[in-house]
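Shown next: protein11.csv, given as CSV, C-alpha atoms.
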chain,number,residue,atom,x,y,z
A,1,MET,CA,54.2,-52.0,-14.0
A,2,ALA,CA,53.1,-51.5,-17.7
A,3,VAL,CA,49.7,-53.0,-16.9
A,4,THR,CA,49.3,-50.8,-13.8
A,5,SER,CA,50.3,-47.6,-15.8
A,6,SER,CA,47.9,-48.6,-18.6
A,7,ARG,CA,45.0,-49.1,-16.1
A,8,THR,CA,45.8,-45.7,-14.4
A,9,ARG,CA,45.6,-43.9,-17.8
A,10,LEU,CA,42.4,-45.7,-18.6
A,11,SER,CA,40.9,-44.8,-15.3
A,12,ALA,CA,41.9,-41.1,-15.7
A,13,ALA,CA,40.5,-41.1,-19.2
A,14,ALA,CA,37.2,-42.6,-18.0
A,15,MET,CA,37.0,-40.0,-15.2
A,16,GLU,CA,37.6,-37.2,-17.6
A,17,SER,CA,35.1,-38.6,-20.1
A,18,ARG,CA,32.5,-38.9,-17.3
A,19,HIS,CA,33.2,-35.4,-16.1
A,20,ARG,CA,32.8,-34.1,-19.6
A,21,SER,CA,29.5,-36.1,-20.0
A,22,GLU,CA,28.1,-34.6,-16.8
A,23,LEU,CA,28.9,-31.0,-18.0
A,24,GLU,CA,27.3,-31.8,-21.3
A,25,ASN,CA,24.2,-33.1,-19.7
A,26,ALA,CA,24.0,-30.1,-17.4
A,27,TRP,CA,24.4,-27.7,-20.4
A,28,ARG,CA,21.6,-29.6,-22.2
A,29,ARG,CA,19.3,-29.2,-19.2
A,30,PHE,CA,20.2,-25.5,-18.9
A,31,ALA,CA,19.7,-24.9,-22.7
A,32,ALA,CA,16.3,-26.6,-22.5
A,33,ASN,CA,15.1,-23.9,-20.1
A,34,ARG,CA,14.1,-21.0,-22.4
A,35,VAL,CA,13.7,-18.6,-19.5
A,36,ALA,CA,17.2,-19.3,-18.3
A,37,LEU,CA,18.5,-18.7,-21.9
A,38,VAL,CA,16.7,-15.3,-21.9
A,39,GLY,CA,18.3,-14.4,-18.6
A,40,LEU,CA,21.7,-15.4,-19.9
A,41,SER,CA,21.2,-13.4,-23.1
A,42,LEU,CA,20.2,-10.3,-21.1
A,43,LEU,CA,23.2,-10.7,-18.8
A,44,THR,CA,25.6,-11.1,-21.8
A,45,PHE,CA,24.1,-7.9,-23.3
A,46,ILE,CA,24.4,-5.9,-20.1
A,47,THR,CA,27.9,-7.2,-19.5
A,48,LEU,CA,29.1,-6.2,-23.0
A,49,ILE,CA,27.5,-2.7,-22.5
A,50,ALA,CA,29.3,-2.3,-19.2
A,51,LEU,CA,32.7,-3.5,-20.6
A,52,PHE,CA,32.5,-1.2,-23.7
A,53,ALA,CA,30.7,1.7,-21.9
A,54,PRO,CA,33.1,4.4,-23.2
A,55,PHE,CA,32.5,3.3,-26.8
A,56,VAL,CA,28.7,2.7,-26.4
A,57,ALA,CA,27.7,5.8,-24.4
A,58,PRO,CA,26.8,8.7,-26.6
A,59,TYR,CA,28.0,11.3,-24.1
A,60,ASP,CA,30.3,11.7,-21.2
A,61,PRO,CA,28.2,10.8,-18.1
A,62,ILE,CA,29.8,13.3,-15.8
A,63,ASN,CA,31.3,16.3,-17.8
A,64,ASP,CA,28.8,16.7,-20.7
A,65,MET,CA,26.3,19.0,-19.0
A,66,ASP,CA,23.8,21.3,-20.6
A,67,THR,CA,21.7,23.2,-18.1
A,68,SER,CA,19.2,24.2,-20.9
A,69,LEU,CA,18.3,20.5,-21.1
A,70,ARG,CA,17.6,20.0,-17.4
A,71,GLY,CA,14.9,17.3,-17.1
A,72,CYS,CA,14.3,17.1,-20.9
A,73,PRO,CA,12.1,14.0,-21.7
A,74,PRO,CA,13.3,11.2,-24.0
A,75,SER,CA,14.1,12.4,-27.5
A,76,ARG,CA,16.1,11.4,-30.5
A,77,GLU,CA,19.3,12.9,-29.3
A,78,HIS,CA,18.7,11.7,-25.7
A,79,PRO,CA,16.8,8.4,-25.8
A,80,PHE,CA,16.4,8.3,-22.0
A,81,GLY,CA,16.2,12.0,-21.6
A,82,CYS,CA,18.4,14.1,-19.3
A,83,ASP,CA,18.7,14.4,-15.6
A,84,HIS,CA,18.2,17.4,-13.3
A,85,LEU,CA,21.6,18.8,-14.3
A,86,GLY,CA,21.3,18.3,-18.0
A,87,ARG,CA,23.4,15.2,-18.3
A,88,ASP,CA,22.5,12.4,-20.7
A,89,LEU,CA,20.6,9.8,-18.8
A,90,LEU,CA,21.3,6.9,-21.2
A,91,SER,CA,25.1,7.5,-20.8
A,92,ARG,CA,24.8,7.5,-17.0
A,93,VAL,CA,22.7,4.4,-17.0
A,94,ILE,CA,25.2,2.6,-19.2
A,95,PHE,CA,28.1,3.5,-16.9
A,96,GLY,CA,26.0,2.6,-13.9
A,97,ALA,CA,25.9,-0.9,-15.2
A,98,ARG,CA,29.6,-1.2,-14.5
A,99,ILE,CA,29.1,-0.2,-10.9
A,100,ALA,CA,26.2,-2.7,-10.5
A,101,LEU,CA,28.1,-5.6,-12.0
A,102,ILE,CA,31.4,-4.9,-10.1
A,103,ALA,CA,29.5,-4.6,-6.8
A,104,GLY,CA,27.4,-7.7,-7.5
A,105,VAL,CA,30.1,-10.0,-8.8
A,106,GLY,CA,32.9,-8.7,-6.5
A,107,ALA,CA,30.9,-8.9,-3.3
A,108,THR,CA,29.6,-12.4,-4.3
A,109,ILE,CA,33.1,-13.7,-4.8
A,110,ILE,CA,34.2,-12.4,-1.4
A,111,SER,CA,31.1,-13.8,0.3
A,112,VAL,CA,31.5,-17.2,-1.4
A,113,VAL,CA,35.1,-17.5,-0.4
A,114,ILE,CA,34.4,-16.7,3.2
A,115,GLY,CA,31.3,-18.8,3.4
A,116,VAL,CA,32.8,-21.9,1.8
A,117,VAL,CA,35.9,-21.8,4.0
A,118,VAL,CA,33.9,-21.2,7.2
A,119,GLY,CA,31.2,-23.8,6.3
A,120,ALA,CA,33.8,-26.4,5.3
A,121,LEU,CA,35.7,-26.0,8.6
A,122,ALA,CA,32.6,-26.1,10.7
A,123,GLY,CA,31.2,-29.2,9.0
A,124,PHE,CA,34.5,-31.2,8.7
A,125,PHE,CA,36.0,-30.7,12.2
A,126,GLY,CA,32.7,-30.5,14.2
A,127,GLY,CA,33.0,-30.2,18.0
A,128,TRP,CA,33.9,-26.8,19.4
A,129,VAL,CA,35.0,-25.6,16.0
A,130,ASP,CA,31.5,-26.2,14.6
A,131,THR,CA,29.9,-24.7,17.8
A,132,VAL,CA,31.9,-21.4,17.6
A,133,LEU,CA,31.5,-21.0,13.8
A,134,SER,CA,27.8,-21.8,13.9
A,135,ARG,CA,27.2,-19.2,16.6
A,136,ILE,CA,29.0,-16.6,14.5
A,137,ILE,CA,26.9,-17.6,11.5
A,138,ASP,CA,23.7,-17.4,13.6
A,139,THR,CA,24.7,-14.1,15.1
A,140,LEU,CA,25.4,-12.6,11.6
A,141,MET,CA,22.1,-13.9,10.2
A,142,SER,CA,20.2,-12.4,13.1
A,143,PHE,CA,21.1,-8.8,12.2
A,144,PRO,CA,19.1,-6.9,9.6
A,145,ILE,CA,21.5,-6.8,6.7
A,146,ILE,CA,20.6,-3.4,5.4
A,147,ALA,CA,20.9,-1.8,8.9
A,148,LEU,CA,24.3,-3.5,9.3
A,149,LEU,CA,25.5,-2.3,5.9
A,150,ILE,CA,24.4,1.3,6.6
A,151,VAL,CA,26.4,1.3,9.9
A,152,LEU,CA,29.5,-0.2,8.4
A,153,ALA,CA,29.4,2.0,5.3
A,154,ALA,CA,28.8,5.1,7.4
A,155,VAL,CA,31.8,4.3,9.6
A,156,LEU,CA,34.2,3.3,6.7
A,157,GLY,CA,33.0,6.1,4.3
A,158,PRO,CA,31.3,5.8,0.9
A,159,SER,CA,33.3,4.4,-2.0
A,160,LEU,CA,32.9,1.5,-4.5
A,161,LEU,CA,35.7,-0.6,-2.8
A,162,THR,CA,34.1,-0.1,0.6
A,163,THR,CA,30.7,-1.0,-0.8
A,164,VAL,CA,32.0,-4.3,-2.3
A,165,ILE,CA,34.0,-5.3,0.8
A,166,VAL,CA,31.2,-4.3,3.3
A,167,ILE,CA,28.5,-6.3,1.4
A,168,GLY,CA,30.9,-9.2,0.8
A,169,VAL,CA,31.8,-9.7,4.5
A,170,THR,CA,28.2,-9.4,5.7
A,171,VAL,CA,26.3,-11.8,3.4
A,172,TRP,CA,28.5,-14.9,3.5
A,173,SER,CA,26.5,-16.6,6.2
A,174,ARG,CA,24.0,-18.2,3.8
A,175,TYR,CA,26.8,-19.9,1.9
A,176,ALA,CA,28.5,-21.1,5.1
A,177,ARG,CA,25.2,-22.7,6.3
A,178,VAL,CA,24.7,-24.6,3.0
A,179,VAL,CA,28.3,-25.7,2.8
A,180,ARG,CA,28.3,-26.9,6.4
A,181,ALA,CA,25.2,-29.0,5.9
A,182,GLU,CA,26.7,-30.6,2.7
A,183,VAL,CA,30.1,-31.3,4.4
A,184,LEU,CA,28.4,-32.9,7.4
A,185,SER,CA,26.9,-35.4,4.9
A,186,LEU,CA,29.9,-35.9,2.7
A,187,ARG,CA,32.4,-36.5,5.5
A,188,GLU,CA,30.8,-39.9,6.2
A,189,ARG,CA,31.0,-41.0,2.6
A,190,ASP,CA,33.3,-43.9,1.6
A,191,PHE,CA,35.7,-41.8,-0.5
A,192,VAL,CA,36.4,-39.5,2.5
A,193,LEU,CA,36.9,-42.5,4.8
A,194,ALA,CA,39.3,-44.0,2.2
A,195,ALA,CA,41.3,-40.8,2.1
A,196,TYR,CA,41.5,-40.9,5.9
A,197,ALA,CA,42.7,-44.5,5.8
A,198,SER,CA,45.3,-43.5,3.2
A,199,GLY,CA,46.8,-41.0,5.6
A,200,VAL,CA,45.7,-37.9,3.6
A,201,ARG,CA,45.9,-34.7,5.6
A,202,ASN,CA,42.7,-33.0,6.7
A,203,TRP,CA,43.4,-29.8,4.7
A,204,ARG,CA,43.9,-31.9,1.5
A,205,ILE,CA,40.6,-33.8,2.1
A,206,ILE,CA,38.8,-30.5,2.5
A,207,TRP,CA,40.3,-28.9,-0.5
A,208,ARG,CA,40.4,-31.8,-3.0
A,209,HIS,CA,37.5,-34.0,-1.9
A,210,LEU,CA,34.9,-32.0,0.0
A,211,ILE,CA,34.8,-28.4,-1.5
A,212,PRO,CA,34.6,-29.6,-5.2
A,213,ASN,CA,31.5,-31.7,-4.2
A,214,VAL,CA,29.7,-28.8,-2.6
A,215,MET,CA,30.2,-26.2,-5.3
A,216,GLY,CA,27.1,-27.1,-7.2
A,217,PRO,CA,24.7,-25.7,-4.6
A,218,VAL,CA,27.0,-22.8,-4.0
A,219,ILE,CA,27.1,-21.8,-7.6
A,220,VAL,CA,23.3,-21.9,-7.8
A,221,LEU,CA,23.0,-19.9,-4.5
A,222,ALA,CA,25.6,-17.4,-5.8
A,223,SER,CA,23.9,-16.8,-9.1
A,224,LEU,CA,20.6,-16.1,-7.3
A,225,GLY,CA,22.4,-13.9,-4.7
A,226,VAL,CA,24.0,-11.5,-7.2
A,227,GLY,CA,20.7,-9.8,-7.9
A,228,GLY,CA,20.1,-9.2,-4.2
A,229,ILE,CA,23.6,-7.7,-3.8
A,230,ILE,CA,22.9,-5.4,-6.8
A,231,ILE,CA,19.8,-4.2,-4.9
A,232,LEU,CA,21.8,-3.7,-1.7
A,233,GLU,CA,24.4,-1.6,-3.6
A,234,ALA,CA,21.6,0.5,-5.1
A,235,ALA,CA,20.1,1.0,-1.7
A,236,LEU,CA,23.4,2.2,-0.3
A,237,SER,CA,24.0,4.5,-3.2
A,238,PHE,CA,20.4,5.8,-2.9
A,239,LEU,CA,21.2,6.7,0.7
A,240,GLY,CA,24.5,8.3,-0.2
A,241,LEU,CA,26.6,5.6,1.4
A,242,GLY,CA,27.7,3.8,-1.9
A,243,VAL,CA,29.8,5.2,-4.6
A,244,ARG,CA,30.7,8.9,-4.4
A,245,PRO,CA,29.0,11.3,-6.8
A,246,PRO,CA,29.2,12.3,-9.5
A,247,THR,CA,30.1,8.7,-10.4
A,248,PRO,CA,27.0,7.2,-12.0
A,249,SER,CA,25.3,4.5,-10.1
A,250,TRP,CA,21.7,3.3,-10.6
A,251,GLY,CA,20.9,3.8,-6.9
A,252,ALA,CA,22.4,7.4,-7.0
A,253,ILE,CA,20.4,8.2,-10.1
A,254,LEU,CA,17.3,7.0,-8.4
A,255,ALA,CA,18.1,9.3,-5.5
A,256,ASP,CA,18.6,12.2,-7.9
A,257,GLY,CA,15.2,11.5,-9.5
A,258,ARG,CA,13.4,11.2,-6.1
A,259,ALA,CA,13.1,15.0,-5.7
A,260,TYR,CA,11.7,15.3,-9.3
A,261,ILE,CA,9.6,12.3,-9.5
A,262,LEU,CA,6.4,14.3,-10.4
A,263,ARG,CA,8.1,16.7,-12.8
A,264,TYR,CA,10.7,14.4,-14.4
A,265,PRO,CA,9.6,10.8,-13.7
A,266,HIS,CA,12.0,9.4,-16.4
A,267,ILE,CA,15.0,10.2,-14.2
A,268,ALA,CA,13.9,7.6,-11.7
A,269,PHE,CA,12.2,5.3,-14.2
A,270,PHE,CA,15.1,4.1,-16.4
A,271,PRO,CA,17.6,3.2,-13.6
A,272,GLY,CA,14.8,1.5,-11.7
A,273,LEU,CA,13.9,-0.5,-14.9
A,274,MET,CA,17.6,-1.5,-15.3
A,275,ILE,CA,17.8,-2.8,-11.8
A,276,VAL,CA,14.6,-4.8,-12.3
A,277,ILE,CA,15.8,-6.3,-15.6
A,278,THR,CA,19.3,-7.2,-14.3
A,279,VAL,CA,18.0,-8.8,-11.1
A,280,LEU,CA,15.4,-10.8,-13.0
A,281,ALA,CA,18.1,-11.9,-15.4
A,282,PHE,CA,20.3,-13.2,-12.6
A,283,ASN,CA,17.3,-15.0,-11.0
A,284,PHE,CA,16.4,-16.6,-14.4
A,285,VAL,CA,20.0,-17.9,-14.8
A,286,GLY,CA,20.0,-19.1,-11.1
A,287,ASP,CA,16.8,-21.0,-11.6
A,288,GLY,CA,18.2,-22.6,-14.8
A,289,LEU,CA,21.4,-23.6,-13.0
A,290,ARG,CA,19.4,-25.1,-10.1
A,291,ASP,CA,17.6,-27.3,-12.6
A,292,ALA,CA,20.7,-28.1,-14.6
A,293,LEU,CA,22.9,-29.0,-11.6
A,294,ASP,CA,20.2,-30.9,-9.7
A,295,PRO,CA,21.7,-34.3,-8.8
A,296,LYS,CA,18.3,-36.0,-9.0
A,297,GLU,CA,18.2,-35.3,-12.8
Would you encode the structure as structure tokens?
Amino acid sequence: MAVTSSRTRLSAAAMESRHRSELENAWRRFAANRVALVGLSLLTFITLIALFAPFVAPYDPINDMDTSLRGCPPSREHPFGCDHLGRDLLSRVIFGARIALIAGVGATIISVVIGVVVGALAGFFGGWVDTVLSRIIDTLMSFPIIALLIVLAAVLGPSLLTTVIVIGVTVWSRYARVVRAEVLSLRERDFVLAAYASGVRNWRIIWRHLIPNVMGPVIVLASLGVGGIIILEAALSFLGLGVRPPTPSWGAILADGRAYILRYPHIAFFPGLMIVITVLAFNFVGDGLRDALDPKE
């Protein structure tokens, strides 16, 4: 018994050491990618600004309004200028980062959870379960996402919570398809067959053996997808179907600047620039994670 217990402890220690080594190697590969580090630095900076927006923003983005400064260009007091109502544009862009990150990360979490569960069930059980779930995935992917989002947002009404939920429940199909393909391959592996032979229940096999082994591609896909969700949120807010005004959102600020694009181009320029920078940062990080988590490395 003592020998068996000692071997078990040694095996657990070896597995923990191997797992730590794999993480260290992945971090080394990620850190070697300078573009990915730039993206991570930008995301860290934007996240900190969003978290501490009340302390960083020089003015109240909603209530500090001076009509004499309507459309004023960038200046020392207002580095990004003012919008068409005389509100400080820098403050509104800073608070808009909160909406973008909440929508991007929140909707991604919802879509990943749904996609992983649906894909794992379809790939593991096969048969009629796979047929039904695959047809649902194909049907969802056949719809133009932006058109589907507009319809759902118009029916449910504009709000941040609605935007996050609507986007999350409409973009999960890409994760389901990836997970299904991975599970179809993994369920024939020896460790899954050994779990079967040991009498392990199906749900435990899915949760403990299959899902952890498919999270690498899912993490990469999710990091690349956050940027696209930020664009979708901005599009909905631009159309008046996202967050309710006067809550600052990059898409809503773009909509405000659309009517004044020739007279006050800075109103649309700065939120558009922030969308581009944030989406590029997520894409840079996603590319770095793809290289770092590549099993061929």
Measuring atom to atom with all atoms listed in the file, identify which of A:Ser91, A:Ser68, A:Asn33, A:Ser142 is nearest to Ser173 of chain A.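 Using all atoms listed in the file, the shortest distance to Ser173 of chain A belongs to A:Ser142.
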Compute the distance from (17.5, 19.6, -11.1) to each atom, counting all atoms listed in the file, keep the residues with any atom at most 12 Å away, and return them as a list of chain:residue names; use the coordinates of the file.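 Within the cut-off we find A:Met65, A:Asp66, A:Thr67, A:Ser68, A:Leu69, A:Arg70, A:Gly71, A:Cys72, A:Cys82, A:Asp83, A:His84, A:Leu85, A:Gly86, A:Arg87, A:Ile253, A:Ala255, A:Asp256, A:Gly257, A:Arg258, A:Ala259, A:Tyr260, A:Ile261, A:Arg263, A:Tyr264, A:Ile267.
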Students should find that atom CA of Trp172 of chain A and atom CA of Met274 of chain A are spaced 25.5 Å
Rank nothing, just name the residue among A:Ile277, A:Ile49, A:Ile205, A:Ala181 nearest to Asp130 of chain A, using all atoms listed in the file.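 Counting all atoms listed in the file, the residue closest to Asp130 of chain A is A:Ala181.
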Counting all atoms listed in the file, figure out which residue out of A:Leu149, A:Ala50, A:Leu184, A:Val93 gets nearest to Val214 of chain A. A:Leu184
Under the rule that all atoms listed in the file are counted, which of A:Ile206, A:Ala147, A:Ile136, A:Val171 is the nearest residue to Ala235 of chain A?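 Between A:Ile206, A:Ala147, A:Ile136, A:Val171, the residue approaching Ala235 of chain A most closely is A:Ala147.
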For Leu90 of chain A, work out the shell of residues within 10 Å, counting all atoms listed in the file and skipping chain neighbours fewer than 4 positions away, then give it as a PyMOL selection string. chain A and resi 56-59+61+74+78-83+94-96+267+270-271
Straight-line distance linking atom CA of Ile229 of chain A with atom CA of Gly251 of chain A, stated in Å to one decimal: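 Distance reported for this atom pair: 12.2 Å.
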Mind dumping a table of every segment 100-150 of chain A residue within 12 Å of segment 188-203 of chain A, with the nearest atom pair and its distance in Å to one decimal, using only C-alpha atoms, sorted by chain and rising number, as CSV?
residue,atom,partner,partner_atom,distance
A:Val117,CA,A:Trp203,CA,11.0
A:Ala120,CA,A:Trp203,CA,10.2
A:Leu121,CA,A:Trp203,CA,9.4
A:Gly123,CA,A:Glu188,CA,11.1
A:Phe124,CA,A:Asn202,CA,8.6
A:Phe125,CA,A:Asn202,CA,9.0
Kindly provide the residues of segment 198-267 of chain A that approach segment 177-180 of chain A to within 12 Å, each paired with its closest atom pair and their distance in Å to one decimal, based on only C-alpha atoms, listed by chain and increasing number, as JSON lines.
{"residue": "A:Ile206", "atom": "CA", "partner": "A:Val179", "partner_atom": "CA", "distance": 11.5}
{"residue": "A:Leu210", "atom": "CA", "partner": "A:Val179", "partner_atom": "CA", "distance": 9.5}
{"residue": "A:Ile211", "atom": "CA", "partner": "A:Val179", "partner_atom": "CA", "distance": 8.2}
{"residue": "A:Pro212", "atom": "CA", "partner": "A:Val179", "partner_atom": "CA", "distance": 10.9}
{"residue": "A:Asn213", "atom": "CA", "partner": "A:Val179", "partner_atom": "CA", "distance": 9.8}
{"residue": "A:Val214", "atom": "CA", "partner": "A:Val179", "partner_atom": "CA", "distance": 6.4}
{"residue": "A:Met215", "atom": "CA", "partner": "A:Val179", "partner_atom": "CA", "distance": 8.3}
{"residue": "A:Gly216", "atom": "CA", "partner": "A:Val179", "partner_atom": "CA", "distance": 10.2}
{"residue": "A:Pro217", "atom": "CA", "partner": "A:Val178", "partner_atom": "CA", "distance": 7.7}
{"residue": "A:Val218", "atom": "CA", "partner": "A:Val179", "partner_atom": "CA", "distance": 7.5}
{"residue": "A:Ile219", "atom": "CA", "partner": "A:Val179", "partner_atom": "CA", "distance": 11.2}
{"residue": "A:Val220", "atom": "CA", "partner": "A:Val178", "partner_atom": "CA", "distance": 11.2}
{"residue": "A:Leu221", "atom": "CA", "partner": "A:Val178", "partner_atom": "CA", "distance": 9.0}
{"residue": "A:Ala222", "atom": "CA", "partner": "A:Val178", "partner_atom": "CA", "distance": 11.4}
Find the residues around segment 156-168 of chain A up to 6 Å (only C-alpha atoms counted), leave out those fewer than 3 positions away in its own chain, and share them as a list in words. Ala103, Ala107, Ile110, Ser111, Ala153, Val171, Leu241, Gly242, Val243 and Arg244 of chain A
Top pick for closest residue to Leu152 of chain A, considering A:Val276, A:Leu101, A:Leu236, A:Leu51 and counting all atoms listed in the file: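 Checking each of A:Val276, A:Leu101, A:Leu236, A:Leu51 against Leu152 of chain A, counting all atoms listed in the file, the winner is A:Leu236.
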In Å to one decimal, how far is atom CA of Asn25 of chain A from atom CA of His209 of chain A? 22.2 Å
